[in-house]
Structure formats: structure tokens, C-alpha cells
Amino acid sequence: LLRGRHKNHEANTTAIERARVHRQLCKVADWQLGGTKVVRSKFSLLVNVHREDILGAGLPLFYNSICFLALVSLICFVATYSVFHVMGVNNALSSTDRTEASWLSHEFRPETESPAVVVSPLALCGNTAAPEIMQQLREFGKANFYVLGCLYIV
């Protein structure tokens with residue numbers, strides 16, 4: 001262990017101070033170069049980047065792309081949600097909503113694998129059989145494919 005200051009203490013301190021000044025100068029700030037003698041200030045978070053040039057054309061394009069992706073995501077969500085309810089898939093899937101205890105009452109024990117127990121939510125389909133649920137899911141997938149395909153074309 002060294003006692004006292006490190007031999008490069010002066011150089012390190014100077015380098016750290018210069019780095020801090022450089023960091024402050026690199027931050028995006030409003031320099032107000034229009035002839036007014038004002039100290040630079042930070043931009044507001046609510047500044048309209050489309051009307052005020054801050055970092056060039058890239059910043060508005062970046063934020064426009066984020067808004068566009070949010071809009072496309074919302075449209076796809078609404079389309080899929082609508083198809084889900086129109087096709088009645090929620091009724092088919094809700095027929096398997098049972099507790100684990102009710103699954104155990106309909107367990108299946110294969111004879112060749114003696115200690116094994118097969119527990120499946122499809123064993124408790126109620127009025128709907130497993131092939132019917134699979135068919136409804138396939139129809140939902142097909143309809144959703146067509147709806148999202150039409151949205152892609154539009």
C-alpha cells in the first residue's frame with residue numbers, strides 16, 4: 001500500500017477535470033447562436049423536434065419511426081384481437097380452464113410405464129373435443145394470416 005498521494009495524482013486529477021468539462025460540453029444544449037448573449041441552457045423534454053433544429057434531421061426521423069411502429073403495433077393488435085373474438089377462439093380455449101385438481105380426476109396411467117401419470121387440460125374439454133379445438137385454432141390462424149396479410153398490403 002502506498003502512503004499518501006499517488007505519484008501521478010496531479011496528472012490524474014487534471015485529466016479527470018478535463019474529462020468532466022468535455023462531458024458537459026458534449027451534452028446537447030441550446031447555445032442560442034442567434035446573436036443573444038445568453039449562457040447555454042438545456043432543452044426542454046417537451047420541445048417540438050420537428051419545428052426546432054436540435055441535432056439535424058436524424059432526431060425527427062428517429063422519433064417518427066418510433067411513432068410509426070407504435071401505430072402499426074396498435075393496428076395489428078386490434079386486428080388480431082378482433083379476429084380472435086369473431087372466430088370464437090376464446091370459447092374453445094376457455095373450455096380448458098380448469099384447476100389442477102380436476103385434471104387429476106381425469107388422469108391417464110399408461111400400463112407400460114407404471115408410475116407415470118399423464119395429466120392434460122385437453123382431457124377436460126367439456127362440450128368441445130380436442131380435434132374441434134385444434135380445428136378452431138387452425139381457422140383462427142388462417143383468418144389472422146389473411147387479415148394481417150391484407151394489412152401488410154394496405
# chains A, B, ... in the order shown; residues from 1 in each chain; ligands from 1
>>> residues_around(residues="Val154 (chain A)", least_positions_apart="5", cutoff="12 Å", atoms="only C-alpha atoms", output="PDB file with all heavy atoms, in the first residue's frame")
ATOM      1  N   VAL A  72     -48.412   0.953 -35.999  1.00  0.00           N
ATOM      2  CA  VAL A  72     -48.534  -0.349 -36.667  1.00  0.00           C
ATOM      3  C   VAL A  72     -48.807  -1.448 -35.641  1.00  0.00           C
ATOM      4  O   VAL A  72     -49.642  -2.332 -35.873  1.00  0.00           O
ATOM      5  CB  VAL A  72     -47.257  -0.651 -37.485  1.00  0.00           C
ATOM      6  CG1 VAL A  72     -47.216  -2.097 -37.943  1.00  0.00           C
ATOM      7  CG2 VAL A  72     -47.169   0.279 -38.678  1.00  0.00           C
ATOM      8  N   ILE A  75     -52.470  -1.233 -34.589  1.00  0.00           N
ATOM      9  CA  ILE A  75     -53.365  -1.733 -35.642  1.00  0.00           C
ATOM     10  C   ILE A  75     -53.324  -3.260 -35.698  1.00  0.00           C
ATOM     11  O   ILE A  75     -54.379  -3.912 -35.794  1.00  0.00           O
ATOM     12  CB  ILE A  75     -52.993  -1.107 -37.004  1.00  0.00           C
ATOM     13  CG1 ILE A  75     -53.342   0.377 -36.998  1.00  0.00           C
ATOM     14  CG2 ILE A  75     -53.692  -1.815 -38.150  1.00  0.00           C
ATOM     15  CD1 ILE A  75     -52.822   1.137 -38.193  1.00  0.00           C
ATOM     16  N   VAL A 147     -55.962 -11.572 -42.506  1.00  0.00           N
ATOM     17  CA  VAL A 147     -56.190 -10.190 -42.047  1.00  0.00           C
ATOM     18  C   VAL A 147     -54.868  -9.432 -41.972  1.00  0.00           C
ATOM     19  O   VAL A 147     -54.764  -8.297 -42.467  1.00  0.00           O
ATOM     20  CB  VAL A 147     -56.913 -10.191 -40.678  1.00  0.00           C
ATOM     21  CG1 VAL A 147     -56.878  -8.816 -40.042  1.00  0.00           C
ATOM     22  CG2 VAL A 147     -58.344 -10.651 -40.846  1.00  0.00           C
ATOM     23  N   LEU A 148     -53.851 -10.044 -41.379  1.00  0.00           N
ATOM     24  CA  LEU A 148     -52.549  -9.347 -41.288  1.00  0.00           C
ATOM     25  C   LEU A 148     -51.907  -9.208 -42.657  1.00  0.00           C
ATOM     26  O   LEU A 148     -51.216  -8.219 -42.932  1.00  0.00           O
ATOM     27  CB  LEU A 148     -51.622 -10.083 -40.321  1.00  0.00           C
ATOM     28  CG  LEU A 148     -52.047 -10.040 -38.856  1.00  0.00           C
ATOM     29  CD1 LEU A 148     -51.085 -10.836 -37.991  1.00  0.00           C
ATOM     30  CD2 LEU A 148     -52.174  -8.625 -38.347  1.00  0.00           C
ATOM     31  N   GLY A 149     -52.152 -10.162 -43.553  1.00  0.00           N
ATOM     32  CA  GLY A 149     -51.660 -10.036 -44.925  1.00  0.00           C
ATOM     33  C   GLY A 149     -52.312  -8.865 -45.643  1.00  0.00           C
ATOM     34  O   GLY A 149     -51.641  -8.125 -46.370  1.00  0.00           O
TER      35      GLY A 149
END
>>> residues_around(residues="region 50-55 of chain A", least_positions_apart="2", cutoff="12 Å", atoms="only C-alpha atoms", output="PyMOL selection string")
chain A and resi 27-32+42-44+46-48+57-64
>>> write_last_selection(atoms="C-alpha atoms", output="PDB file, in the first residue's frame")
ATOM      1  CA  LYS A  27     -24.229  17.318 -23.878  1.00  0.00           C
ATOM      2  CA  VAL A  28     -26.974  18.590 -26.181  1.00  0.00           C
ATOM      3  CA  ALA A  29     -27.699  22.156 -25.191  1.00  0.00           C
ATOM      4  CA  ASP A  30     -29.279  25.275 -26.614  1.00  0.00           C
ATOM      5  CA  TRP A  31     -26.372  27.586 -27.382  1.00  0.00           C
ATOM      6  CA  GLN A  32     -28.717  30.315 -28.721  1.00  0.00           C
ATOM      7  CA  LYS A  42     -30.764  22.591 -21.649  1.00  0.00           C
ATOM      8  CA  PHE A  43     -33.629  21.779 -23.991  1.00  0.00           C
ATOM      9  CA  SER A  44     -37.000  21.020 -22.516  1.00  0.00           C
ATOM     10  CA  LEU A  46     -41.370  18.859 -24.489  1.00  0.00           C
ATOM     11  CA  VAL A  47     -39.533  20.687 -27.281  1.00  0.00           C
ATOM     12  CA  ASN A  48     -41.003  20.075 -30.738  1.00  0.00           C
ATOM     13  CA  ALA A  57     -32.780  15.686 -39.482  1.00  0.00           C
ATOM     14  CA  GLY A  58     -31.964  12.428 -37.707  1.00  0.00           C
ATOM     15  CA  LEU A  59     -33.782  13.180 -34.459  1.00  0.00           C
ATOM     16  CA  PRO A  60     -37.227  13.849 -36.003  1.00  0.00           C
ATOM     17  CA  LEU A  61     -36.829  10.818 -38.269  1.00  0.00           C
ATOM     18  CA  PHE A  62     -35.974   8.631 -35.282  1.00  0.00           C
ATOM     19  CA  TYR A  63     -38.993   9.774 -33.279  1.00  0.00           C
ATOM     20  CA  ASN A  64     -41.249   9.458 -36.328  1.00  0.00           C
TER      21      ASN A  64
END
>>> atom_distance(atom1="CA of Ala143 (chain A)", atom2="CA of Val83 (chain A)")
7.0 Å
>>> atom_distance(atom1="CA of Glu139 (chain A)", atom2="CA of Cys76 (chain A)")
17.9 Å
>>> select_by_dssp(residues="region 23-90 of chain A", states="helix (DSSP H, G or I)", output="number ranges by chain")
A: 23-26, 58-86, 89-90
>>> write_last_selection(atoms="C-alpha atoms", output="PDB file, in the first residue's frame")
ATOM      1  CA  ARG A  23     -18.635  15.737 -20.892  1.00  0.00           C
ATOM      2  CA  GLN A  24     -20.527  18.927 -20.088  1.00  0.00           C
ATOM      3  CA  LEU A  25     -19.630  20.473 -23.431  1.00  0.00           C
ATOM      4  CA  CYS A  26     -20.729  17.355 -25.359  1.00  0.00           C
ATOM      5  CA  GLY A  58     -31.964  12.428 -37.707  1.00  0.00           C
ATOM      6  CA  LEU A  59     -33.782  13.180 -34.459  1.00  0.00           C
ATOM      7  CA  PRO A  60     -37.227  13.849 -36.003  1.00  0.00           C
ATOM      8  CA  LEU A  61     -36.829  10.818 -38.269  1.00  0.00           C
ATOM      9  CA  PHE A  62     -35.974   8.631 -35.282  1.00  0.00           C
ATOM     10  CA  TYR A  63     -38.993   9.774 -33.279  1.00  0.00           C
ATOM     11  CA  ASN A  64     -41.249   9.458 -36.328  1.00  0.00           C
ATOM     12  CA  SER A  65     -40.141   5.850 -36.754  1.00  0.00           C
ATOM     13  CA  ILE A  66     -40.983   5.106 -33.122  1.00  0.00           C
ATOM     14  CA  CYS A  67     -44.454   6.644 -33.528  1.00  0.00           C
ATOM     15  CA  PHE A  68     -44.971   4.707 -36.757  1.00  0.00           C
ATOM     16  CA  LEU A  69     -44.015   1.411 -35.106  1.00  0.00           C
ATOM     17  CA  ALA A  70     -46.380   2.121 -32.201  1.00  0.00           C
ATOM     18  CA  LEU A  71     -49.212   2.822 -34.644  1.00  0.00           C
ATOM     19  CA  VAL A  72     -48.534  -0.349 -36.667  1.00  0.00           C
ATOM     20  CA  SER A  73     -48.386  -2.388 -33.441  1.00  0.00           C
ATOM     21  CA  LEU A  74     -51.708  -0.978 -32.283  1.00  0.00           C
ATOM     22  CA  ILE A  75     -53.365  -1.733 -35.642  1.00  0.00           C
ATOM     23  CA  CYS A  76     -52.023  -5.318 -35.628  1.00  0.00           C
ATOM     24  CA  PHE A  77     -53.176  -5.808 -32.031  1.00  0.00           C
ATOM     25  CA  VAL A  78     -56.695  -4.563 -32.832  1.00  0.00           C
ATOM     26  CA  ALA A  79     -56.881  -6.772 -35.936  1.00  0.00           C
ATOM     27  CA  THR A  80     -55.720  -9.898 -34.089  1.00  0.00           C
ATOM     28  CA  TYR A  81     -57.993  -9.179 -31.129  1.00  0.00           C
ATOM     29  CA  SER A  82     -60.976  -8.733 -33.460  1.00  0.00           C
ATOM     30  CA  VAL A  83     -60.264 -11.960 -35.330  1.00  0.00           C
ATOM     31  CA  PHE A  84     -59.805 -13.774 -32.014  1.00  0.00           C
ATOM     32  CA  HIS A  85     -63.292 -12.791 -30.827  1.00  0.00           C
ATOM     33  CA  VAL A  86     -65.046 -13.114 -34.186  1.00  0.00           C
ATOM     34  CA  VAL A  89     -61.433 -18.999 -30.193  1.00  0.00           C
ATOM     35  CA  ASN A  90     -61.849 -17.623 -26.683  1.00  0.00           C
TER      36      ASN A  90
END
